[in-house]
$ cat protein-v2.pdb   # PDB, C-alpha atoms and all ligand atoms
MODEL        1
ATOM      1  CA  MET A   1    -188.383 -95.103 177.541
ATOM      2  CA  SER A   2    -189.413 -91.756 178.964
ATOM      3  CA  MET A   3    -188.132 -88.625 177.305
ATOM      4  CA  ASP A   4    -186.225 -87.822 180.438
ATOM      5  CA  SER A   5    -184.341 -91.097 180.585
ATOM      6  CA  MET A   6    -183.705 -90.867 176.857
ATOM      7  CA  GLY A   7    -182.068 -87.476 177.352
ATOM      8  CA  ARG A   8    -179.870 -88.942 180.037
ATOM      9  CA  ASP A   9    -178.974 -91.916 177.842
ATOM     10  CA  MET A  10    -177.815 -89.503 175.215
ATOM     11  CA  ALA A  11    -175.860 -87.674 177.869
ATOM     12  CA  GLY A  12    -174.082 -90.917 178.599
ATOM     13  CA  ASN A  13    -173.287 -91.504 174.936
ATOM     14  CA  ALA A  14    -171.942 -88.045 174.411
ATOM     15  CA  GLY A  15    -169.741 -88.271 177.479
ATOM     16  CA  ASP A  16    -166.820 -89.612 175.454
ATOM     17  CA  ALA A  17    -167.085 -86.613 173.156
ATOM     18  CA  SER A  18    -165.241 -84.454 175.664
ATOM     19  CA  ASN A  19    -162.326 -86.867 175.417
ATOM     20  CA  ALA A  20    -159.317 -84.598 174.893
ATOM     21  CA  ALA A  21    -157.664 -86.968 172.381
ATOM     22  CA  ASP A  22    -160.035 -86.136 169.527
ATOM     23  CA  ALA A  23    -161.387 -82.825 170.751
ATOM     24  CA  THR A  24    -159.895 -80.749 167.908
ATOM     25  CA  GLY A  25    -162.588 -79.124 165.845
ATOM     26  CA  ARG A  26    -165.289 -80.539 168.055
ATOM     27  CA  LEU A  27    -168.184 -78.711 169.640
ATOM     28  CA  VAL A  28    -169.518 -80.500 172.689
ATOM     29  CA  PHE A  29    -172.608 -79.807 174.774
ATOM     30  CA  ASP A  30    -171.810 -81.610 177.984
ATOM     31  CA  ASN A  31    -174.808 -81.980 180.275
ATOM     32  CA  VAL A  32    -175.879 -78.387 179.655
ATOM     33  CA  SER A  33    -178.788 -76.728 181.448
ATOM     34  CA  MET A  34    -180.021 -73.157 181.273
ATOM     35  CA  SER A  35    -182.552 -71.235 183.335
ATOM     36  CA  PHE A  36    -183.664 -67.645 182.909
ATOM     37  CA  ASP A  37    -185.194 -65.263 185.407
ATOM     38  CA  THR A  38    -188.545 -64.119 184.113
ATOM     39  CA  PRO A  39    -191.281 -61.945 185.661
ATOM     40  CA  LYS A  40    -193.072 -65.179 186.581
ATOM     41  CA  GLY A  41    -190.027 -66.718 188.237
ATOM     42  CA  ARG A  42    -187.147 -68.811 187.096
ATOM     43  CA  MET A  43    -187.776 -70.733 183.884
ATOM     44  CA  ARG A  44    -185.828 -73.791 182.864
ATOM     45  CA  VAL A  45    -185.215 -73.610 179.148
ATOM     46  CA  VAL A  46    -182.529 -76.252 178.595
ATOM     47  CA  ASP A  47    -182.350 -79.414 180.679
ATOM     48  CA  GLN A  48    -179.254 -81.626 180.729
ATOM     49  CA  VAL A  49    -178.541 -81.560 177.034
ATOM     50  CA  SER A  50    -175.567 -83.493 175.704
ATOM     51  CA  PHE A  51    -174.558 -83.905 172.089
ATOM     52  CA  ASP A  52    -171.548 -83.124 169.992
ATOM     53  CA  VAL A  53    -170.756 -81.779 166.562
ATOM     54  CA  ARG A  54    -167.632 -83.389 165.136
ATOM     55  CA  GLN A  55    -165.143 -81.673 162.891
ATOM     56  CA  GLY A  56    -166.507 -81.371 159.349
ATOM     57  CA  GLU A  57    -169.942 -82.535 160.414
ATOM     58  CA  PHE A  58    -173.278 -80.871 159.702
ATOM     59  CA  VAL A  59    -175.738 -81.172 162.576
ATOM     60  CA  ALA A  60    -179.277 -79.848 162.224
ATOM     61  CA  LEU A  61    -181.471 -79.074 165.239
ATOM     62  CA  VAL A  62    -185.224 -79.310 164.898
ATOM     63  CA  GLY A  63    -187.829 -78.763 167.588
ATOM     64  CA  PRO A  64    -190.922 -76.712 168.446
ATOM     65  CA  SER A  65    -190.929 -72.935 168.626
ATOM     66  CA  GLY A  66    -189.832 -71.643 172.027
ATOM     67  CA  CYS A  67    -188.178 -74.907 173.101
ATOM     68  CA  GLY A  68    -184.694 -73.416 173.512
ATOM     69  CA  LYS A  69    -182.862 -73.913 170.187
ATOM     70  CA  THR A  70    -181.576 -70.350 169.834
ATOM     71  CA  THR A  71    -180.502 -70.507 173.475
ATOM     72  CA  LEU A  72    -178.328 -73.533 172.622
ATOM     73  CA  MET A  73    -176.842 -71.704 169.651
ATOM     74  CA  ASN A  74    -176.134 -68.602 171.717
ATOM     75  CA  MET A  75    -174.092 -70.754 174.075
ATOM     76  CA  ALA A  76    -172.039 -72.220 171.224
ATOM     77  CA  ALA A  77    -171.520 -68.739 169.785
ATOM     78  CA  GLY A  78    -170.292 -67.611 173.214
ATOM     79  CA  PHE A  79    -172.982 -64.983 173.843
ATOM     80  CA  ILE A  80    -174.299 -66.688 176.985
ATOM     81  CA  LYS A  81    -172.984 -69.269 179.425
ATOM     82  CA  PRO A  82    -174.969 -72.294 180.595
ATOM     83  CA  SER A  83    -176.317 -72.281 184.172
ATOM     84  CA  GLU A  84    -174.998 -75.828 184.548
ATOM     85  CA  GLY A  85    -172.735 -78.047 182.483
ATOM     86  CA  GLN A  86    -170.314 -76.913 179.835
ATOM     87  CA  VAL A  87    -170.094 -76.135 176.155
ATOM     88  CA  LEU A  88    -166.651 -77.109 174.898
ATOM     89  CA  LEU A  89    -164.794 -76.210 171.739
ATOM     90  CA  HIS A  90    -161.601 -78.128 170.976
ATOM     91  CA  GLY A  91    -162.027 -79.590 174.476
ATOM     92  CA  LYS A  92    -162.100 -76.197 176.270
ATOM     93  CA  PRO A  93    -165.070 -74.335 177.735
ATOM     94  CA  ILE A  94    -166.232 -71.510 175.466
ATOM     95  CA  ALA A  95    -165.316 -68.184 177.038
ATOM     96  CA  GLY A  96    -166.934 -65.820 174.529
ATOM     97  CA  PRO A  97    -167.475 -65.172 170.815
ATOM     98  CA  GLY A  98    -164.567 -65.751 168.438
ATOM     99  CA  PRO A  99    -163.629 -65.190 164.791
ATOM    100  CA  ASP A 100    -163.527 -68.963 164.236
ATOM    101  CA  ARG A 101    -167.342 -69.023 164.564
ATOM    102  CA  GLY A 102    -169.578 -67.377 161.988
ATOM    103  CA  VAL A 103    -173.106 -66.791 163.200
ATOM    104  CA  ILE A 104    -176.202 -66.233 161.103
ATOM    105  CA  PHE A 105    -178.972 -64.952 163.328
ATOM    106  CA  GLN A 106    -182.632 -65.774 163.215
ATOM    107  CA  GLU A 107    -183.382 -62.113 162.564
ATOM    108  CA  TYR A 108    -181.543 -60.406 159.769
ATOM    109  CA  GLY A 109    -178.098 -59.631 161.065
ATOM    110  CA  VAL A 110    -177.152 -56.817 158.738
ATOM    111  CA  PHE A 111    -175.882 -53.353 159.595
ATOM    112  CA  PRO A 112    -178.287 -50.788 158.164
ATOM    113  CA  TRP A 113    -175.696 -47.990 158.106
ATOM    114  CA  LEU A 114    -173.339 -49.909 155.788
ATOM    115  CA  THR A 115    -173.818 -50.642 152.094
ATOM    116  CA  VAL A 116    -174.238 -54.223 150.880
ATOM    117  CA  ALA A 117    -170.533 -54.499 149.954
ATOM    118  CA  GLN A 118    -169.427 -52.899 153.234
ATOM    119  CA  ASN A 119    -171.571 -55.398 155.149
ATOM    120  CA  VAL A 120    -169.855 -58.324 153.442
ATOM    121  CA  ALA A 121    -166.431 -56.743 154.001
ATOM    122  CA  PHE A 122    -167.200 -56.070 157.667
ATOM    123  CA  GLY A 123    -165.633 -59.209 159.147
ATOM    124  CA  LEU A 124    -162.615 -58.884 156.866
ATOM    125  CA  ARG A 125    -161.707 -55.556 158.476
ATOM    126  CA  LEU A 126    -161.744 -56.934 162.010
ATOM    127  CA  LYS A 127    -158.351 -57.636 163.458
ATOM    128  CA  ALA A 128    -158.773 -61.400 163.696
ATOM    129  CA  ASN A 129    -159.678 -61.838 160.032
ATOM    130  CA  ARG A 130    -158.024 -58.814 158.486
ATOM    131  CA  ARG A 131    -157.280 -59.030 154.746
ATOM    132  CA  ASP A 132    -155.601 -56.410 152.602
ATOM    133  CA  ALA A 133    -157.782 -54.201 150.418
ATOM    134  CA  SER A 134    -157.378 -56.095 147.145
ATOM    135  CA  GLU A 135    -158.061 -59.474 148.693
ATOM    136  CA  ARG A 136    -161.011 -58.038 150.569
ATOM    137  CA  GLU A 137    -162.428 -56.779 147.299
ATOM    138  CA  ARG A 138    -161.970 -60.179 145.678
ATOM    139  CA  ILE A 139    -163.691 -62.002 148.548
ATOM    140  CA  VAL A 140    -166.557 -59.519 148.718
ATOM    141  CA  GLU A 141    -167.123 -59.865 144.985
ATOM    142  CA  ARG A 142    -167.053 -63.674 145.179
ATOM    143  CA  TYR A 143    -169.735 -63.881 147.863
ATOM    144  CA  LEU A 144    -171.893 -61.112 146.435
ATOM    145  CA  ARG A 145    -171.854 -62.968 143.114
ATOM    146  CA  LEU A 146    -172.692 -66.275 144.819
ATOM    147  CA  MET A 147    -175.639 -64.664 146.596
ATOM    148  CA  GLY A 148    -176.840 -62.810 143.493
ATOM    149  CA  LEU A 149    -176.241 -59.410 145.073
ATOM    150  CA  LEU A 150    -173.436 -58.053 142.886
ATOM    151  CA  ASP A 151    -175.682 -55.432 141.266
ATOM    152  CA  PHE A 152    -176.627 -54.173 144.725
ATOM    153  CA  ALA A 153    -173.103 -53.773 146.112
ATOM    154  CA  ASP A 154    -173.556 -50.060 146.794
ATOM    155  CA  ALA A 155    -177.160 -50.209 147.964
ATOM    156  CA  TYR A 156    -178.195 -49.926 151.612
ATOM    157  CA  PRO A 157    -180.020 -52.826 153.302
ATOM    158  CA  LYS A 158    -183.253 -50.831 153.742
ATOM    159  CA  THR A 159    -183.616 -50.758 149.948
ATOM    160  CA  LEU A 160    -183.415 -54.575 149.688
ATOM    161  CA  SER A 161    -186.210 -57.116 149.988
ATOM    162  CA  GLY A 162    -186.406 -59.342 153.080
ATOM    163  CA  GLY A 163    -184.992 -62.330 151.211
ATOM    164  CA  MET A 164    -182.134 -60.232 149.805
ATOM    165  CA  ARG A 165    -181.271 -58.981 153.285
ATOM    166  CA  GLN A 166    -181.139 -62.557 154.479
ATOM    167  CA  ARG A 167    -178.827 -63.492 151.595
ATOM    168  CA  LEU A 168    -176.640 -60.551 152.591
ATOM    169  CA  ALA A 169    -176.406 -61.846 156.164
ATOM    170  CA  ILE A 170    -175.368 -65.230 154.758
ATOM    171  CA  ALA A 171    -172.734 -63.649 152.484
ATOM    172  CA  ARG A 172    -171.265 -61.769 155.420
ATOM    173  CA  ALA A 173    -170.941 -64.932 157.508
ATOM    174  CA  TYR A 174    -169.436 -66.953 154.630
ATOM    175  CA  ALA A 175    -166.958 -64.200 153.711
ATOM    176  CA  VAL A 176    -164.757 -64.609 156.786
ATOM    177  CA  GLN A 177    -164.569 -68.368 156.049
ATOM    178  CA  PRO A 178    -164.962 -69.422 159.688
ATOM    179  CA  ALA A 179    -164.209 -73.006 160.729
ATOM    180  CA  PHE A 180    -167.626 -73.171 162.388
ATOM    181  CA  LEU A 181    -170.904 -71.918 160.993
ATOM    182  CA  PHE A 182    -173.826 -71.556 163.384
ATOM    183  CA  MET A 183    -177.021 -70.814 161.513
ATOM    184  CA  ASP A 184    -180.376 -70.062 163.095
ATOM    185  CA  GLU A 185    -183.151 -70.531 160.527
ATOM    186  CA  PRO A 186    -180.944 -68.943 157.850
ATOM    187  CA  PHE A 187    -183.274 -69.701 154.956
ATOM    188  CA  GLY A 188    -186.597 -69.215 156.749
ATOM    189  CA  ALA A 189    -187.414 -65.901 155.094
ATOM    190  CA  LEU A 190    -186.681 -67.054 151.559
ATOM    191  CA  ASP A 191    -189.116 -68.198 148.880
ATOM    192  CA  ALA A 192    -189.068 -71.939 148.086
ATOM    193  CA  GLN A 193    -186.932 -71.632 144.929
ATOM    194  CA  THR A 194    -184.324 -69.361 146.510
ATOM    195  CA  ARG A 195    -184.324 -71.599 149.542
ATOM    196  CA  SER A 196    -183.332 -74.694 147.550
ATOM    197  CA  ALA A 197    -180.732 -72.667 145.648
ATOM    198  CA  MET A 198    -179.287 -71.467 148.980
ATOM    199  CA  GLN A 199    -179.207 -75.031 150.317
ATOM    200  CA  ASP A 200    -177.236 -76.210 147.286
ATOM    201  CA  LEU A 201    -174.934 -73.213 147.516
ATOM    202  CA  LEU A 202    -174.271 -73.997 151.162
ATOM    203  CA  LEU A 203    -173.422 -77.616 150.286
ATOM    204  CA  GLN A 204    -171.081 -76.276 147.591
ATOM    205  CA  VAL A 205    -169.384 -73.847 149.999
ATOM    206  CA  LEU A 206    -168.962 -76.663 152.521
ATOM    207  CA  GLN A 207    -167.458 -78.942 149.890
ATOM    208  CA  ASP A 208    -165.029 -76.223 148.766
ATOM    209  CA  GLU A 209    -164.105 -74.811 152.157
ATOM    210  CA  GLY A 210    -164.858 -77.536 154.690
ATOM    211  CA  LYS A 211    -166.633 -76.335 157.828
ATOM    212  CA  THR A 212    -168.350 -77.679 160.873
ATOM    213  CA  VAL A 213    -171.976 -76.603 160.902
ATOM    214  CA  MET A 214    -174.793 -76.424 163.406
ATOM    215  CA  MET A 215    -178.047 -75.275 161.867
ATOM    216  CA  ILE A 216    -181.443 -74.678 163.414
ATOM    217  CA  THR A 217    -184.327 -75.181 161.055
ATOM    218  CA  HIS A 218    -188.082 -75.671 161.226
ATOM    219  CA  SER A 219    -187.985 -77.639 157.999
ATOM    220  CA  VAL A 220    -187.543 -81.385 158.497
ATOM    221  CA  GLU A 221    -186.811 -81.734 154.751
ATOM    222  CA  GLU A 222    -184.072 -79.121 154.951
ATOM    223  CA  ALA A 223    -182.526 -80.815 157.972
ATOM    224  CA  ILE A 224    -182.406 -84.203 156.217
ATOM    225  CA  TYR A 225    -181.175 -82.754 152.926
ATOM    226  CA  LEU A 226    -178.221 -80.912 154.473
ATOM    227  CA  ALA A 227    -177.176 -82.735 157.615
ATOM    228  CA  ASN A 228    -175.116 -85.740 158.662
ATOM    229  CA  ARG A 229    -177.184 -85.941 161.838
ATOM    230  CA  VAL A 230    -180.473 -84.461 162.936
ATOM    231  CA  VAL A 231    -181.034 -83.690 166.599
ATOM    232  CA  VAL A 232    -184.701 -83.602 167.558
ATOM    233  CA  ILE A 233    -185.223 -81.311 170.549
ATOM    234  CA  SER A 234    -188.156 -81.756 172.906
ATOM    235  CA  ALA A 235    -190.717 -79.220 174.045
ATOM    236  CA  ARG A 236    -189.368 -76.781 176.663
ATOM    237  CA  PRO A 237    -187.186 -77.339 178.535
ATOM    238  CA  SER A 238    -184.970 -78.574 175.693
ATOM    239  CA  ARG A 239    -183.916 -82.175 176.023
ATOM    240  CA  ILE A 240    -182.541 -84.431 173.368
ATOM    241  CA  ARG A 241    -185.478 -86.402 172.069
ATOM    242  CA  ARG A 242    -183.508 -88.371 169.499
ATOM    243  CA  ILE A 243    -180.410 -88.105 167.319
ATOM    244  CA  ILE A 244    -180.848 -89.530 163.832
ATOM    245  CA  ASP A 245    -178.008 -90.365 161.468
ATOM    246  CA  ILE A 246    -178.643 -89.305 157.896
ATOM    247  CA  ASP A 247    -176.796 -91.825 155.800
ATOM    248  CA  LEU A 248    -177.591 -90.314 152.421
ATOM    249  CA  PRO A 249    -174.386 -90.004 150.366
ATOM    250  CA  PHE A 250    -172.730 -86.666 149.547
ATOM    251  CA  PRO A 251    -172.693 -84.777 147.249
ATOM    252  CA  ARG A 252    -176.437 -84.444 147.618
ATOM    253  CA  GLU A 253    -178.784 -83.279 144.938
ATOM    254  CA  GLN A 254    -182.373 -82.119 145.238
ATOM    255  CA  ARG A 255    -183.680 -85.300 143.608
ATOM    256  CA  VAL A 256    -182.684 -87.241 146.761
ATOM    257  CA  HIS A 257    -185.944 -85.814 148.172
ATOM    258  CA  GLN A 258    -187.743 -88.472 146.092
ATOM    259  CA  SER A 259    -185.736 -91.447 147.387
ATOM    260  CA  PRO A 260    -187.385 -94.050 149.648
ATOM    261  CA  GLU A 261    -184.736 -93.509 152.348
ATOM    262  CA  PHE A 262    -185.476 -89.785 152.388
ATOM    263  CA  GLY A 263    -189.187 -90.567 152.720
ATOM    264  CA  ARG A 264    -188.540 -92.940 155.601
ATOM    265  CA  LEU A 265    -186.409 -90.378 157.450
ATOM    266  CA  ARG A 266    -188.979 -87.656 156.817
ATOM    267  CA  SER A 267    -191.783 -89.757 158.347
ATOM    268  CA  GLU A 268    -189.713 -90.718 161.369
ATOM    269  CA  ILE A 269    -188.491 -87.206 162.156
ATOM    270  CA  HIS A 270    -191.776 -85.547 161.312
ATOM    271  CA  ALA A 271    -193.635 -87.814 163.759
ATOM    272  CA  LEU A 272    -191.191 -86.932 166.547
ATOM    273  CA  VAL A 273    -191.356 -83.208 165.831
ATOM    274  CA  MET A 274    -195.164 -83.260 165.767
ATOM    275  CA  GLU A 275    -195.266 -84.979 169.178
ATOM    276  CA  GLU A 276    -193.004 -82.336 170.649
ATOM    277  CA  TYR A 277    -194.931 -79.572 168.911
ATOM    278  CA  ALA A 278    -198.142 -80.846 170.528
ATOM    279  CA  ALA A 279    -196.416 -81.015 173.933
ATOM    280  CA  GLN A 280    -195.207 -77.419 173.514
ATOM    281  CA  GLN A 281    -198.732 -76.268 172.513
ATOM    282  CA  LYS A 282    -200.071 -77.814 175.722
ATOM    283  CA  LEU A 283    -197.412 -76.039 177.738
ATOM    284  CA  ASN A 284    -198.217 -72.714 176.072
ATOM    285  CA  ALA A 285    -201.940 -73.193 176.743
ATOM    286  CA  ALA A 286    -201.275 -74.039 180.412
ATOM    287  CA  ALA A 287    -199.166 -70.898 180.730
ATOM    288  CA  ARG A 288    -202.062 -68.804 179.401
ATOM    289  CA  VAL A 289    -204.430 -70.314 181.971
ATOM    290  CA  ASP A 290    -201.949 -69.481 184.758
ATOM    291  CA  ALA A 291    -201.582 -65.883 183.604
TER     292      ALA A 291
HETATM  293  N1  LIG A 301    -182.583 -63.796 177.889
HETATM  294  C1  LIG A 301    -183.724 -64.412 178.174
HETATM  295  N2  LIG A 301    -184.409 -64.122 179.298
HETATM  296  C2  LIG A 301    -185.561 -64.754 179.590
HETATM  297  N3  LIG A 301    -186.107 -65.720 178.834
HETATM  298  C3  LIG A 301    -185.469 -66.064 177.702
HETATM  299  C4  LIG A 301    -184.257 -65.430 177.298
HETATM  300  N4  LIG A 301    -183.847 -65.986 176.123
HETATM  301  C5  LIG A 301    -184.780 -66.897 175.799
HETATM  302  N5  LIG A 301    -185.751 -66.958 176.746
HETATM  303  C6  LIG A 301    -186.903 -67.866 176.757
HETATM  304  O1  LIG A 301    -186.416 -69.177 176.548
HETATM  305  C7  LIG A 301    -187.326 -69.921 175.755
HETATM  306  C8  LIG A 301    -186.584 -70.511 174.584
HETATM  307  O2  LIG A 301    -186.182 -69.454 173.712
HETATM  308  P1  LIG A 301    -185.377 -69.738 172.376
HETATM  309  O3  LIG A 301    -185.187 -68.455 171.681
HETATM  310  O4  LIG A 301    -184.154 -70.510 172.688
HETATM  311  O5  LIG A 301    -186.404 -70.694 171.587
HETATM  312  P2  LIG A 301    -186.321 -71.306 170.124
HETATM  313  O6  LIG A 301    -186.365 -72.783 170.276
HETATM  314  O7  LIG A 301    -185.182 -70.730 169.386
HETATM  315  O8  LIG A 301    -187.698 -70.842 169.479
HETATM  316  P3  LIG A 301    -188.032 -70.400 167.952
HETATM  317  O9  LIG A 301    -188.101 -71.687 167.165
HETATM  318  O10 LIG A 301    -189.382 -69.754 168.073
HETATM  319  O11 LIG A 301    -186.987 -69.477 167.493
HETATM  320  C9  LIG A 301    -188.446 -68.973 175.376
HETATM  321  O12 LIG A 301    -189.542 -69.208 176.225
HETATM  322  C10 LIG A 301    -187.866 -67.598 175.618
HETATM  323  O13 LIG A 301    -188.860 -66.698 176.009
HETATM  324 MG    MG A 302    -185.038 -69.412 167.839
ENDMDL
END
$ encode --input "protein-v2.pdb" --output "structure tokens" --more "lines below"
Ligand SMILES: Nc1ncnc2c1ncn2[C@@H]1O[C@H](COP(=O)(O)OP(=O)(O)OP(=O)(O)O)[C@@H](O)[C@H]1O
Ligand SMILES: [Mg+2]
Amino acid sequence: MSMDSMGRDMAGNAGDASNAADATGRLVFDNVSMSFDTPKGRMRVVDQVSFDVRQGEFVALVGPSGCGKTTLMNMAAGFIKPSEGQVLLHGKPIAGPGPDRGVIFQEYGVFPWLTVAQNVAFGLRLKANRRDASERERIVERYLRLMGLLDFADAYPKTLSGGMRQRLAIARAYAVQPAFLFMDEPFGALDAQTRSAMQDLLLQVLQDEGKTVMMITHSVEEAIYLANRVVVISARPSRIRRIIDIDLPFPREQRVHQSPEFGRLRSEIHALVMEEYAAQQKLNAAARVDA
């Protein structure tokens, strides 16, 4: 089956996802395409993508650099609208950003003019999520402690390490306890040990608070370890290459990495990602020749 027809097959499967009956808590990409105007003309970045994220589900997106993953997330967050198709939340097209969706950006999303504690409290001062001062303090302390930043509450982000700044961005997103968490490479800047600790902490937060999550990651292992389903995205323009169910039981522990099922999933997904990576490399090389 060609990649194109596979994408369309998936589109067919996901069609029922926009069914109003069980739309609550659901995020649906319904035949979504996106093109951007660039100096070299119009560029198609997303091509007829359909998939859904069900309530309480964790969906991980993997795919080559530059294929359009952040673009997909920006649509779900409400920052941009698709050129064609729709992104639906609870069965309705997304009109803009909302307090129900916490976003962790690929680049550190911290405010340099606020202290660490003020950054975490930021969302709790906004009208939609406003908490009184004592509750705010309690929440800020909880997430600073979870992220190992309590001793730095009054520091400014510029005095933190890169990994600490990333943990701060995570704390700020968790603190407003949004129903949806959209995370773009949230653990990419962390060392291996902190990264696994942050993965386990995320699983813990999800178990305690229950959220629907869409995460972009370059790590196939991370995608398998955390997600219910992994969506492999093709080279640009983004199409759905394959959606893989991860049937490993929850709660998950790091030792699941050694299980035969984990190994099987890793080989399958890795092979797909490498094919798309090679296709994207070819595309990039062709673009250089054109230039
Ligand atoms: N606002 C924009 N205007 C023009 N082109 C854009 C815009 N936003 C993204 N692009 C282009 O769309 C393509 C996909 O970008 P995107 O950020 O979605 O990729 P990505 O899959 O997240 O990559 P990475 O893994 O490197 O973060 C890139 O070629 C990028 O240059
Ligand atoms: Mg990106």
$ residues_near_point --input "protein-v2.pdb" --point "(-164.7, -74.3, 168.5)" --cutoff "10 Å" --atoms "only C-alpha atoms" --output "list of chain:residue names"
A:Ala23, A:Thr24, A:Gly25, A:Arg26, A:Leu27, A:Val28, A:Val53, A:Gln55, A:Ala76, A:Ala77, A:Gly78, A:Val87, A:Leu88, A:Leu89, A:His90, A:Gly91, A:Lys92, A:Pro93, A:Ile94, A:Pro97, A:Gly98, A:Pro99, A:Asp100, A:Arg101, A:Ala179, A:Phe180, A:Thr212
$ closest_residue --input "protein-v2.pdb" --among "A:Ser259, A:Asn119, A:Ser83, A:Ser65" --to "Ala155 in chain A" --atoms "only C-alpha atoms"
A:Asn119
$ resolve_selection --input "protein-v2.pdb" --expression "the PyMOL selection byres (((not hetatm)) within 10 of (chain A and resi 302))" --output "list in words"
Gly63, Pro64, Ser65, Gly66, Cys67, Gly68, Lys69, Thr70, Thr71, Leu72, Met73, Asn74, Phe105, Gln106, Glu107, Asp184, Glu185, Ile216, Thr217 and His218 of chain A
$ closest_residue --input "protein-v2.pdb" --among "A:Arg138, A:Arg167, A:Lys158, A:Arg236" --to "ligand LIG 301 (chain A)" --atoms "only C-alpha atoms and all ligand atoms"
A:Arg236
$ atom_distance --input "protein-v2.pdb" --atom1 "atom P1 of ligand LIG 301 (chain A)" --atom2 "CA of Leu272 in chain A"
19.1 Å
$ residues_around --input "protein-v2.pdb" --residues "range 206-209 of chain A" --least-positions-apart "2" --cutoff "10 Å" --atoms "all atoms listed in the file" --output "short mmCIF file (atom, residue, chain, number, x, y, z; two decimals) with C-alpha atoms, in the coordinates of the input"
data_model
loop_
_atom_site.label_atom_id
_atom_site.label_comp_id
_atom_site.auth_asym_id
_atom_site.auth_seq_id
_atom_site.Cartn_x
_atom_site.Cartn_y
_atom_site.Cartn_z
CA GLY A 56 -166.51 -81.37 159.35
CA GLU A 57 -169.94 -82.54 160.41
CA PHE A 58 -173.28 -80.87 159.70
CA TYR A 174 -169.44 -66.95 154.63
CA GLN A 177 -164.57 -68.37 156.05
CA PRO A 178 -164.96 -69.42 159.69
CA ALA A 179 -164.21 -73.01 160.73
CA LEU A 181 -170.90 -71.92 160.99
CA ASP A 200 -177.24 -76.21 147.29
CA LEU A 201 -174.93 -73.21 147.52
CA LEU A 202 -174.27 -74.00 151.16
CA LEU A 203 -173.42 -77.62 150.29
CA GLN A 204 -171.08 -76.28 147.59
CA LYS A 211 -166.63 -76.33 157.83
CA THR A 212 -168.35 -77.68 160.87
CA VAL A 213 -171.98 -76.60 160.90
CA PHE A 250 -172.73 -86.67 149.55
CA PRO A 251 -172.69 -84.78 147.25
#
$ resolve_selection --input "protein-v2.pdb" --expression "the PyMOL selection byres (((chain A and resi 163) around 12) and not hetatm)" --output "mmCIF file with C-alpha atoms, keeping the file's coordinate frame"
data_model
loop_
_atom_site.group_PDB
_atom_site.id
_atom_site.type_symbol
_atom_site.label_atom_id
_atom_site.label_comp_id
_atom_site.auth_asym_id
_atom_site.auth_seq_id
_atom_site.Cartn_x
_atom_site.Cartn_y
_atom_site.Cartn_z
ATOM 1 C CA GLU A 107 -183.382 -62.113 162.564
ATOM 2 C CA TYR A 108 -181.543 -60.406 159.769
ATOM 3 C CA MET A 147 -175.639 -64.664 146.596
ATOM 4 C CA GLY A 148 -176.840 -62.810 143.493
ATOM 5 C CA LEU A 149 -176.241 -59.410 145.073
ATOM 6 C CA PRO A 157 -180.020 -52.826 153.302
ATOM 7 C CA LYS A 158 -183.253 -50.831 153.742
ATOM 8 C CA THR A 159 -183.616 -50.758 149.948
ATOM 9 C CA LEU A 160 -183.415 -54.575 149.688
ATOM 10 C CA SER A 161 -186.210 -57.116 149.988
ATOM 11 C CA GLY A 162 -186.406 -59.342 153.080
ATOM 12 C CA MET A 164 -182.134 -60.232 149.805
ATOM 13 C CA ARG A 165 -181.271 -58.981 153.285
ATOM 14 C CA GLN A 166 -181.139 -62.557 154.479
ATOM 15 C CA ARG A 167 -178.827 -63.492 151.595
ATOM 16 C CA LEU A 168 -176.640 -60.551 152.591
ATOM 17 C CA ALA A 169 -176.406 -61.846 156.164
ATOM 18 C CA ILE A 170 -175.368 -65.230 154.758
ATOM 19 C CA PRO A 186 -180.944 -68.943 157.850
ATOM 20 C CA PHE A 187 -183.274 -69.701 154.956
ATOM 21 C CA GLY A 188 -186.597 -69.215 156.749
ATOM 22 C CA ALA A 189 -187.414 -65.901 155.094
ATOM 23 C CA LEU A 190 -186.681 -67.054 151.559
ATOM 24 C CA ASP A 191 -189.116 -68.198 148.880
ATOM 25 C CA ALA A 192 -189.068 -71.939 148.086
ATOM 26 C CA GLN A 193 -186.932 -71.632 144.929
ATOM 27 C CA THR A 194 -184.324 -69.361 146.510
ATOM 28 C CA ARG A 195 -184.324 -71.599 149.542
ATOM 29 C CA MET A 198 -179.287 -71.467 148.980
#
$ closest_residue --input "protein-v2.pdb" --among "A:Ala227, A:Leu283, A:Leu144, A:Ile269" --to "ligand LIG 301 (chain A)" --atoms "only C-alpha atoms and all ligand atoms"
A:Leu283
$ closest_residue --input "protein-v2.pdb" --among "A:Phe51, A:Phe79, A:Phe111, A:Phe122" --to "ligand LIG 301 (chain A)" --atoms "only C-alpha atoms and all ligand atoms"
A:Phe79
$ closest_residue --input "protein-v2.pdb" --among "A:Ser234, A:Lys282, A:Arg130, A:Phe152" --to "ligand LIG 301 (chain A)" --atoms "all atoms listed in the file"
A:Ser234
$ residues_near_point --input "protein-v2.pdb" --point "(-181.8, -81.1, 141.2)" --cutoff "12 Å" --atoms "only C-alpha atoms" --output "PyMOL selection string"
chain A and resi 193+196-197+199-200+225+251-258
$ residues_around --input "protein-v2.pdb" --residues "Ser35 in chain A" --least-positions-apart "3" --cutoff "6 Å" --atoms "all atoms listed in the file" --output "CSV table (one decimal) with C-alpha atoms, in the frame of the given file"
chain,number,residue,atom,x,y,z
A,43,MET,CA,-187.8,-70.7,183.9
A,44,ARG,CA,-185.8,-73.8,182.9
A,45,VAL,CA,-185.2,-73.6,179.1
$ closest_residue --input "protein-v2.pdb" --among "A:Glu275, A:Asp37, A:Asp247, A:Asp132" --to "ligand LIG 301 (chain A)" --atoms "only C-alpha atoms and all ligand atoms"
A:Asp37
$ atom_distance --input "protein-v2.pdb" --atom1 "CA of Arg42 in chain A" --atom2 "atom C8 of ligand LIG 301 (chain A)"
12.6 Å
